file structure_2.cif (mmCIF, C-alpha atoms)
data_coords
#
loop_
_atom_site.label_atom_id
_atom_site.label_comp_id
_atom_site.auth_asym_id
_atom_site.auth_seq_id
_atom_site.Cartn_x
_atom_site.Cartn_y
_atom_site.Cartn_z
CA MET T 295 13.66 -14.53 -17.35
CA SER T 296 13.73 -18.33 -16.92
CA PRO T 297 13.71 -19.81 -13.38
CA HIS T 298 17.08 -20.12 -11.63
CA ILE T 299 17.86 -23.42 -9.88
CA LEU T 300 20.70 -24.13 -7.44
CA ILE T 301 22.05 -27.72 -7.50
CA VAL T 302 24.04 -28.86 -4.44
CA ASP T 303 25.88 -32.19 -4.85
CA ASP T 304 29.49 -33.31 -4.32
CA SER T 305 29.49 -35.58 -7.39
CA PRO T 306 30.75 -33.70 -10.50
CA SER T 307 29.20 -36.30 -12.81
CA PHE T 308 25.79 -36.03 -11.12
CA GLN T 309 26.01 -32.22 -11.21
CA LYS T 310 26.80 -32.33 -14.93
CA MET T 311 23.98 -34.77 -15.70
CA LEU T 312 21.38 -32.91 -13.65
CA SER T 313 22.33 -29.42 -14.81
CA GLY T 314 22.49 -30.58 -18.43
CA ARG T 315 18.95 -31.91 -18.30
CA LEU T 316 17.62 -28.75 -16.66
CA VAL T 317 19.46 -26.37 -19.00
CA LYS T 318 18.05 -28.24 -22.03
CA LYS T 319 14.61 -27.69 -20.50
CA GLY T 320 15.24 -23.94 -20.45
CA TYR T 321 16.18 -23.40 -16.80
CA ARG T 322 19.17 -21.41 -15.55
CA VAL T 323 21.39 -23.50 -13.29
CA SER T 324 24.14 -22.84 -10.73
CA CYS T 325 26.04 -25.60 -8.93
CA ALA T 326 27.73 -26.04 -5.55
CA SER T 327 29.72 -29.02 -4.20
CA SER T 328 29.07 -28.42 -0.50
CA GLY T 329 26.57 -26.85 1.84
CA GLU T 330 29.02 -24.09 2.76
CA GLU T 331 29.59 -23.19 -0.90
CA ALA T 332 25.84 -23.32 -1.55
CA ILE T 333 25.09 -20.86 1.27
CA LYS T 334 27.67 -18.38 -0.09
CA ILE T 335 26.15 -18.58 -3.59
CA PHE T 336 22.64 -18.42 -2.16
CA GLN T 337 23.46 -15.16 -0.36
CA THR T 338 24.74 -13.44 -3.50
CA GLU T 339 22.31 -14.67 -6.19
CA ASP T 340 18.55 -15.04 -6.54
CA PHE T 341 17.11 -18.52 -6.99
CA ASN T 342 13.67 -19.95 -7.54
CA MET T 343 14.44 -23.32 -5.95
CA VAL T 344 17.22 -25.52 -4.57
CA LEU T 345 17.95 -29.18 -5.41
CA THR T 346 20.29 -30.74 -2.84
CA ASP T 347 21.70 -34.08 -1.74
CA ILE T 348 21.53 -34.90 1.97
CA ILE T 349 25.02 -36.38 2.31
CA LEU T 350 27.54 -33.60 1.60
CA PRO T 351 31.13 -32.94 2.72
CA GLY T 352 31.09 -30.74 5.81
CA MET T 353 27.62 -29.33 6.38
CA SER T 354 24.85 -31.85 5.74
CA GLY T 355 22.09 -31.22 3.25
CA LEU T 356 19.55 -31.10 6.08
CA ASN T 357 21.51 -28.42 7.94
CA MET T 358 21.87 -26.46 4.71
CA LEU T 359 18.12 -26.82 4.15
CA LYS T 360 17.50 -25.40 7.62
CA LEU T 361 19.76 -22.37 6.95
CA VAL T 362 18.20 -21.71 3.55
CA LYS T 363 14.69 -21.72 5.07
CA GLU T 364 15.85 -19.38 7.84
CA MET T 365 17.27 -16.91 5.31
CA LYS T 366 14.35 -17.17 2.86
CA PRO T 367 11.32 -18.99 4.32
CA GLU T 368 9.53 -18.84 0.98
CA MET T 369 12.35 -20.71 -0.85
CA ASP T 370 11.43 -24.23 -1.97
CA VAL T 371 14.06 -26.94 -1.44
CA VAL T 372 13.85 -30.41 -3.01
CA ILE T 373 15.97 -33.19 -1.52
CA ILE T 374 17.69 -35.61 -3.93
CA SER T 375 19.31 -38.59 -2.16
CA SER T 376 20.13 -42.28 -2.53
CA ASN T 377 18.96 -42.72 1.06
CA ALA T 378 15.35 -43.71 0.54
CA SER T 379 14.45 -44.30 4.18
CA SER T 380 11.13 -42.87 5.28
CA PHE T 381 12.78 -41.47 8.42
CA THR T 382 15.14 -39.30 6.36
CA ALA T 383 12.36 -38.16 4.07
CA ILE T 384 10.07 -37.26 6.98
CA LYS T 385 12.90 -35.37 8.71
CA ALA T 386 13.61 -33.39 5.52
CA LEU T 387 9.94 -32.53 5.07
CA ARG T 388 9.64 -31.45 8.69
CA LEU T 389 12.59 -29.09 8.18
CA GLY T 390 10.74 -27.48 5.30
CA ALA T 391 11.69 -29.46 2.19
CA TYR T 392 9.01 -29.25 -0.50
CA ASP T 393 9.64 -32.68 -2.02
CA TYR T 394 11.99 -35.68 -2.05
CA ILE T 395 13.53 -37.49 -5.06
CA VAL T 396 15.42 -40.77 -4.79
CA LYS T 397 18.66 -41.39 -6.69
CA PRO T 398 19.41 -42.57 -9.30
CA ILE T 399 17.08 -40.52 -11.45
CA ASP T 400 16.62 -42.96 -14.31
CA ASP T 401 13.43 -41.35 -15.56
CA GLU T 402 14.03 -37.63 -16.20
CA ALA T 403 10.27 -37.12 -16.34
CA ILE T 404 10.25 -37.55 -12.54
CA LEU T 405 12.76 -34.71 -12.19
CA PHE T 406 10.93 -32.40 -14.59
CA ASN T 407 7.60 -33.14 -12.92
CA VAL T 408 8.90 -32.22 -9.45
CA VAL T 409 10.62 -29.06 -10.72
CA ALA T 410 7.52 -27.98 -12.67
CA ARG T 411 5.24 -28.61 -9.68
CA THR T 412 7.55 -26.69 -7.37
CA LEU T 413 7.73 -23.68 -9.66
CA GLU T 414 3.99 -23.79 -10.33
CA LYS T 415 3.35 -23.82 -6.59
CA GLN T 416 5.55 -20.72 -6.25
CA LEU T 417 3.61 -18.93 -9.01
CA LEU T 418 0.35 -19.78 -7.25
CA THR T 419 1.77 -18.54 -3.94
CA VAL T 420 2.83 -15.26 -5.54
CA GLU T 421 -0.54 -14.89 -7.26
CA ASN T 422 -2.41 -15.65 -4.02
CA ARG T 423 -0.30 -13.08 -2.18
CA ARG T 424 -1.04 -10.53 -4.90
CA LEU T 425 -4.77 -11.26 -4.73
CA ILE T 426 -4.74 -10.97 -0.93
CA ASN T 427 -2.86 -7.66 -1.16
CA ASP T 428 -5.32 -6.41 -3.80
CA LEU T 429 -8.25 -7.43 -1.62
CA SER T 430 -6.69 -5.77 1.42
CA GLU T 431 -6.12 -2.60 -0.59
CA LYS T 432 -9.71 -2.62 -1.86
CA ASN T 433 -11.01 -3.19 1.66
CA ARG T 434 -8.87 -0.34 2.92
CA ALA T 435 -10.11 1.93 0.13
CA LEU T 436 -13.70 0.89 0.86
CA GLN T 437 -13.24 1.64 4.56
CA GLU T 438 -11.77 5.06 3.71
CA THR T 439 -14.74 5.75 1.45
CA LEU T 440 -17.17 4.75 4.20
CA ASP T 441 -15.32 6.95 6.69
CA MET T 442 -15.48 9.87 4.27
CA MET T 443 -19.19 9.32 3.71
CA LYS T 444 -19.77 9.39 7.48
CA THR T 445 -17.72 12.57 7.77
CA LEU T 446 -19.57 14.06 4.82
CA ASN T 447 -22.94 13.33 6.41
CA ASN T 448 -21.84 14.82 9.74
CA VAL T 449 -20.37 17.95 8.16
CA CYS T 450 -23.39 18.45 5.92
CA ALA T 451 -25.66 18.17 8.95
CA ILE T 452 -23.63 20.85 10.76
CA ILE T 453 -23.62 23.13 7.71
CA ALA T 454 -27.37 22.67 7.23
CA SER T 455 -27.99 23.68 10.85
CA THR T 456 -26.67 27.22 10.40
CA THR T 457 -27.57 30.22 8.27
CA ASP T 458 -24.36 32.05 9.09
CA ILE T 459 -22.34 32.35 5.86
CA GLY T 460 -19.04 32.64 7.74
CA ASP T 461 -19.71 29.44 9.66
CA ILE T 462 -20.60 27.58 6.46
CA LEU T 463 -17.41 28.66 4.66
CA ARG T 464 -15.21 27.96 7.68
CA LYS T 465 -16.66 24.47 8.22
CA LEU T 466 -16.20 23.68 4.53
CA VAL T 467 -12.47 24.46 4.53
CA GLU T 468 -11.68 23.06 7.98
CA SER T 469 -13.45 19.76 7.22
CA ALA T 470 -11.69 19.45 3.85
CA VAL T 471 -8.24 19.99 5.38
CA GLU T 472 -8.91 17.66 8.30
CA GLN T 473 -10.41 14.80 6.27
CA LEU T 474 -7.73 14.90 3.58
CA LYS T 475 -4.94 15.28 6.19
CA ALA T 476 -3.64 18.30 4.28
CA LYS T 477 -1.37 21.09 5.48
CA LYS T 478 -3.16 24.10 3.99
CA GLY T 479 -6.52 25.13 2.70
CA TYR T 480 -8.29 28.34 1.75
CA LEU T 481 -11.47 29.56 0.11
CA LEU T 482 -11.69 32.40 -2.38
CA LEU T 483 -14.90 34.23 -3.22
CA LEU T 484 -15.53 36.46 -6.24
CA ASP T 485 -16.79 39.98 -5.65
CA LYS T 486 -20.26 40.99 -6.86
CA GLY T 487 -18.90 42.04 -10.23
CA GLY T 488 -17.05 38.76 -10.67
CA THR T 489 -13.80 40.70 -11.22
CA ASN T 490 -11.58 39.74 -8.28
CA PHE T 491 -11.13 36.95 -5.74
CA SER T 492 -10.64 37.65 -2.05
CA MET T 493 -9.74 35.12 0.65
CA LYS T 494 -12.55 34.49 3.12
CA VAL T 495 -11.32 31.45 5.08
CA CYS T 496 -7.90 29.85 5.50
CA VAL T 497 -6.21 27.03 7.41
CA GLY T 498 -2.43 26.83 7.80
CA ILE T 499 -1.97 30.26 6.19
CA ASP T 500 -1.05 33.56 7.85
CA HIS T 501 -4.21 35.58 8.48
CA HIS T 502 -2.52 38.87 7.63
CA LEU T 503 -1.65 37.44 4.23
CA ALA T 504 -5.22 36.24 3.85
CA LYS T 505 -6.64 39.69 4.61
CA ALA T 506 -4.45 41.41 2.05
CA PHE T 507 -4.89 38.75 -0.65
CA THR T 508 -6.54 39.63 -3.95
CA LEU T 509 -6.49 37.88 -7.31
CA ARG T 510 -7.98 38.78 -10.66
CA HIS T 511 -10.75 36.38 -11.75
CA ASP T 512 -8.74 35.12 -14.75
CA GLN T 513 -5.44 34.60 -12.94
CA GLY T 514 -3.87 31.75 -11.01
CA ILE T 515 -4.99 28.18 -10.47
CA SER T 516 -8.24 29.46 -8.99
CA GLY T 517 -8.98 31.54 -12.07
CA LEU T 518 -8.45 28.48 -14.28
CA VAL T 519 -10.69 26.29 -12.14
CA ALA T 520 -13.40 28.96 -12.02
CA ALA T 521 -13.28 29.40 -15.81
CA ASN T 522 -13.38 25.66 -16.54
CA ASN T 523 -15.90 24.97 -13.77
CA LYS T 524 -14.32 21.62 -12.85
CA PRO T 525 -11.90 20.33 -10.18
CA LEU T 526 -8.16 20.37 -10.82
CA CYS T 527 -5.79 17.90 -9.14
CA ILE T 528 -2.03 18.51 -9.40
CA GLU T 529 0.47 15.88 -8.27
CA SER T 530 4.05 16.44 -7.08
CA ASP T 531 5.37 17.15 -10.57
CA ILE T 532 3.72 20.43 -11.57
CA PRO T 533 3.19 20.70 -15.35
CA ALA T 534 5.02 23.59 -16.99
CA ALA T 535 1.72 24.98 -18.28
CA LEU T 536 0.50 25.40 -14.68
CA THR T 537 3.70 26.82 -13.19
CA LEU T 538 2.88 30.40 -14.27
CA ARG T 539 -0.63 30.01 -12.89
CA LEU T 540 0.77 28.93 -9.51
CA LEU T 541 3.18 31.87 -9.43
CA GLU T 542 0.38 34.31 -10.25
CA GLU T 543 -1.65 33.12 -7.28
CA ASP T 544 1.11 32.22 -4.82
CA VAL T 545 3.77 34.90 -5.38
CA CYS T 546 5.66 34.25 -2.13
CA GLY T 547 5.10 30.48 -1.96
CA ASP T 548 2.95 30.71 1.19
CA LEU T 549 -0.40 29.46 -0.10
CA PHE T 550 0.30 26.06 -1.63
CA SER T 551 2.21 23.10 -0.19
CA THR T 552 3.37 20.06 -2.09
CA PRO T 553 2.89 17.25 -2.81
CA GLY T 554 -0.70 17.39 -3.92
CA ILE T 555 -2.81 20.41 -4.83
CA LEU T 556 -6.58 20.13 -5.19
CA SER T 557 -8.70 23.02 -6.42
CA VAL T 558 -12.52 22.77 -6.58
CA PRO T 559 -15.04 25.34 -7.85
CA LEU T 560 -17.82 26.57 -5.57
CA LEU T 561 -21.11 26.90 -7.46
CA VAL T 562 -24.31 28.61 -6.43
CA LYS T 563 -27.22 28.14 -8.84
CA ASP T 564 -24.88 26.93 -11.63
CA ARG T 565 -22.67 30.02 -11.26
CA VAL T 566 -19.10 29.83 -9.96
CA VAL T 567 -18.83 32.12 -6.95
CA GLY T 568 -15.56 30.89 -5.53
CA VAL T 569 -12.85 28.23 -5.35
CA VAL T 570 -11.65 25.92 -2.56
CA ASN T 571 -7.93 25.05 -2.57
CA ILE T 572 -6.44 22.20 -0.49
CA SER T 573 -2.74 21.27 -0.58
CA GLY T 574 0.13 19.43 1.10
CA ARG T 575 -0.58 15.77 1.79
CA SER T 576 1.07 14.24 4.84
CA GLY T 577 3.13 11.18 3.92
CA GLY T 578 3.52 12.34 0.33
CA LYS T 579 0.29 10.71 -0.91
CA MET T 580 -1.63 12.10 -3.84
CA PHE T 581 -5.33 12.93 -3.75
CA THR T 582 -7.48 9.97 -4.82
CA ASP T 583 -10.59 10.11 -7.02
CA THR T 584 -12.68 9.35 -3.93
CA GLU T 585 -11.18 12.32 -2.10
CA VAL T 586 -11.77 14.62 -5.06
CA GLU T 587 -15.39 13.44 -5.10
CA PHE T 588 -15.63 14.04 -1.34
CA ILE T 589 -14.48 17.67 -1.62
CA THR T 590 -16.63 18.29 -4.70
CA THR T 591 -19.74 16.95 -2.93
CA LEU T 592 -18.93 18.93 0.21
CA ALA T 593 -18.47 22.12 -1.83
CA ASN T 594 -21.77 21.52 -3.65
CA PHE T 595 -23.63 21.05 -0.37
CA ALA T 596 -21.98 24.13 1.11
CA ALA T 597 -23.07 26.09 -1.97
CA ILE T 598 -26.68 25.02 -1.38
CA ALA T 599 -26.36 26.09 2.26
CA LEU T 600 -24.93 29.44 1.13
CA ASP T 601 -27.87 29.97 -1.22
CA ASN T 602 -30.32 29.08 1.58
CA ALA T 603 -28.50 31.43 3.96
CA GLY T 604 -28.74 34.21 1.40
CA THR T 605 -32.45 33.60 0.94
CA PHE T 606 -32.97 33.55 4.71
CA TYR T 607 -31.05 36.83 5.06
CA ARG T 608 -33.08 38.54 2.33
CA LEU T 609 -36.39 37.36 3.80
CA LYS T 610 -35.32 38.48 7.25
CA LYS T 611 -34.30 41.89 5.94
CA LYS T 612 -37.52 42.23 4.01
CA GLY T 613 -39.59 41.43 7.09
CA GLN T 614 -37.92 44.14 9.19
#
call {"tool": "encode", "arguments": {"input": "structure_2.cif", "output": "structure tokens"}}
result
Amino acid sequence: MSPHILIVDDSPSFQKMLSGRLVKKGYRVSCASSGEEAIKIFQTEDFNMVLTDIILPGMSGLNMLKLVKEMKPEMDVVIISSNASSFTAIKALRLGAYDYIVKPIDDEAILFNVVARTLEKQLLTVENRRLINDLSEKNRALQETLDMMKTLNNVCAIIASTTDIGDILRKLVESAVEQLKAKKGYLLLLDKGGTNFSMKVCVGIDHHLAKAFTLRHDQGISGLVAANNKPLCIESDIPAALTLRLLEEDVCGDLFSTPGILSVPLLVKDRVVGVVNISGRSGGKMFTDTEVEFITTLANFAAIALDNAGTFYRLKKKGQ
């Protein structure tokens, strides 16, 4: 949509001349004959810039300029006046005017140049703001990644310091839920025959439910993740194809919270032995790629620790 310009001048002939030139140039134009009328229009419509005379009936152009800048500080106002005194120009600029044009405007190129520069400046301001926001977002994401890496290192160090399988599994789930600011998390392990899942660790889930829980290896979200051997991230809108899977695993609606469900396989020596499920993001945020990578890496390290714990247990048993 073409830029919208508000012209404020009490001379109908000047309004007609100025608006005609701008419309021919492709701009949208609205006109007001006083500062009071201009403020009313300004409050109900969106404009890219304002062109105003200083001497107006009632409210002066300078007072109108002041009100416009108070309502929308980013709005650019150009003064057009037959009063060419430097004092008036300086006063207008101090009140926030972007530029000053002296009447009569015999050369329309002067008008078009000022309008084009004003609009170009606005585009640059918008682009700079976007770039700053993008940079801030990237810095924030980088800081989150660094924080997750620190947490990952700390958790991995704790996991590596124990050979207790229960401690390893519990630390894995608790750290995942805490770092991702989730509401619920649980870990399923397959039995020796690889037939059924049972729940070994849970956070935010009733422990009686966890004790009684069982799921066939090919059912539910966990069964799908175990079969495909890759993480699955579900946003707030659950695909129809996964709805049945969710109902198979979470019959009563007590295991998963929305928005955001993340399910990650647990591998030991390239064999899926379980699945970690995290769900329910605070603030309604979805899981990011960095967070998925964090949980995947944590699960892989925990799997190594589980394998080492199993080896330690077998050696200990053999030595008895």
call {"tool": "closest_residue", "arguments": {"input": "structure_2.cif", "among": "T:Lys486, T:Lys444, T:Arg539, T:Lys478", "to": "Gln513 in chain T", "atoms": "all atoms listed in the file"}}
result
T:Arg539
call {"tool": "closest_residue", "arguments": {"input": "structure_2.cif", "among": "T:Met358, T:Leu350, T:Met580, T:Leu474", "to": "Ile528 in chain T", "atoms": "all atoms listed in the file"}}
result
T:Met580
call {"tool": "residues_around", "arguments": {"input": "structure_2.cif", "residues": "Gly460 in chain T", "least_positions_apart": "4", "cutoff": "9 Å", "atoms": "all atoms listed in the file", "output": "MDAnalysis selection string"}}
result
chainID T and resid 464:465 494:495
call {"tool": "residues_around", "arguments": {"input": "structure_2.cif", "residues": "range 335-344 of chain T", "least_positions_apart": "3", "cutoff": "6 Å", "atoms": "all atoms listed in the file", "output": "mmCIF file with C-alpha atoms, keeping the file's coordinate frame"}}
result
data_model
loop_
_atom_site.group_PDB
_atom_site.id
_atom_site.type_symbol
_atom_site.label_atom_id
_atom_site.label_comp_id
_atom_site.auth_asym_id
_atom_site.auth_seq_id
_atom_site.Cartn_x
_atom_site.Cartn_y
_atom_site.Cartn_z
ATOM 1 C CA PRO T 297 13.710 -19.810 -13.380
ATOM 2 C CA HIS T 298 17.080 -20.120 -11.630
ATOM 3 C CA ILE T 299 17.860 -23.420 -9.880
ATOM 4 C CA LEU T 300 20.700 -24.130 -7.440
ATOM 5 C CA ALA T 332 25.840 -23.320 -1.550
ATOM 6 C CA ASP T 370 11.430 -24.230 -1.970
ATOM 7 C CA VAL T 371 14.060 -26.940 -1.440
#
call {"tool": "atom_distance", "arguments": {"input": "structure_2.cif", "atom1": "CA of Glu414 in chain T", "atom2": "CA of Val302 in chain T"}}
result
21.5 Å
call {"tool": "closest_residue", "arguments": {"input": "structure_2.cif", "among": "T:Ala403, T:Val569, T:Leu561, T:Leu538", "to": "Gly479 in chain T", "atoms": "all atoms listed in the file"}}
result
T:Val569
call {"tool": "closest_residue", "arguments": {"input": "structure_2.cif", "among": "T:Ser375, T:Thr489, T:Ser328, T:Thr590", "to": "Leu466 in chain T", "atoms": "only C-alpha atoms"}}
result
T:Thr590
call {"tool": "atom_distance", "arguments": {"input": "structure_2.cif", "atom1": "CA of Val570 in chain T", "atom2": "CA of Leu482 in chain T"}}
result
6.5 Å
call {"tool": "atom_distance", "arguments": {"input": "structure_2.cif", "atom1": "CA of Lys366 in chain T", "atom2": "CA of Leu312 in chain T"}}
result
23.9 Å
call {"tool": "axis_aligned_box", "arguments": {"input": "structure_2.cif", "around": "range 435-439 of chain T", "padding_each_side": "3 Å", "output": "JSON"}}
result
{"center_x": -12.4, "center_y": 3.3, "center_z": 2.3, "size_x": 10.6, "size_y": 10.9, "size_z": 10.4}
call {"tool": "resolve_selection", "arguments": {"input": "structure_2.cif", "expression": "the PyMOL selection byres ((chain T and resi 412) around 9)", "output": "PyMOL selection string"}}
result
chain T and resi 343+370-372+392-393+407-411+413-417
call {"tool": "closest_residue", "arguments": {"input": "structure_2.cif", "among": "T:Ala435, T:Leu526, T:Ile333, T:Ile459", "to": "Leu483 in chain T", "atoms": "all atoms listed in the file"}}
result
T:Ile459
call {"tool": "resolve_selection", "arguments": {"input": "structure_2.cif", "expression": "the PyMOL selection byres ((chain T and resi 524) around 12)", "output": "PyMOL selection string"}}
result
chain T and resi 515-523+525-527+556-561+564-566+568-570+586-587+589-590+593-594
call {"tool": "closest_residue", "arguments": {"input": "structure_2.cif", "among": "T:Ile462, T:Ile572, T:Leu541, T:Ala383", "to": "Lys477 in chain T", "atoms": "only C-alpha atoms"}}
result
T:Ile572
call {"tool": "residues_around", "arguments": {"input": "structure_2.cif", "residues": "Gln309 in chain T", "least_positions_apart": "3", "cutoff": "12 Å", "atoms": "all atoms listed in the file", "output": "MDAnalysis selection string"}}
result
chainID T and resid 300:306 312:317 323:328 345:347 374
call {"tool": "residues_around", "arguments": {"input": "structure_2.cif", "residues": "Arg510 in chain T", "least_positions_apart": "4", "cutoff": "10 Å", "atoms": "all atoms listed in the file", "output": "PyMOL selection string"}}
result
chain T and resi 484+488-492+514+516-517+542-543
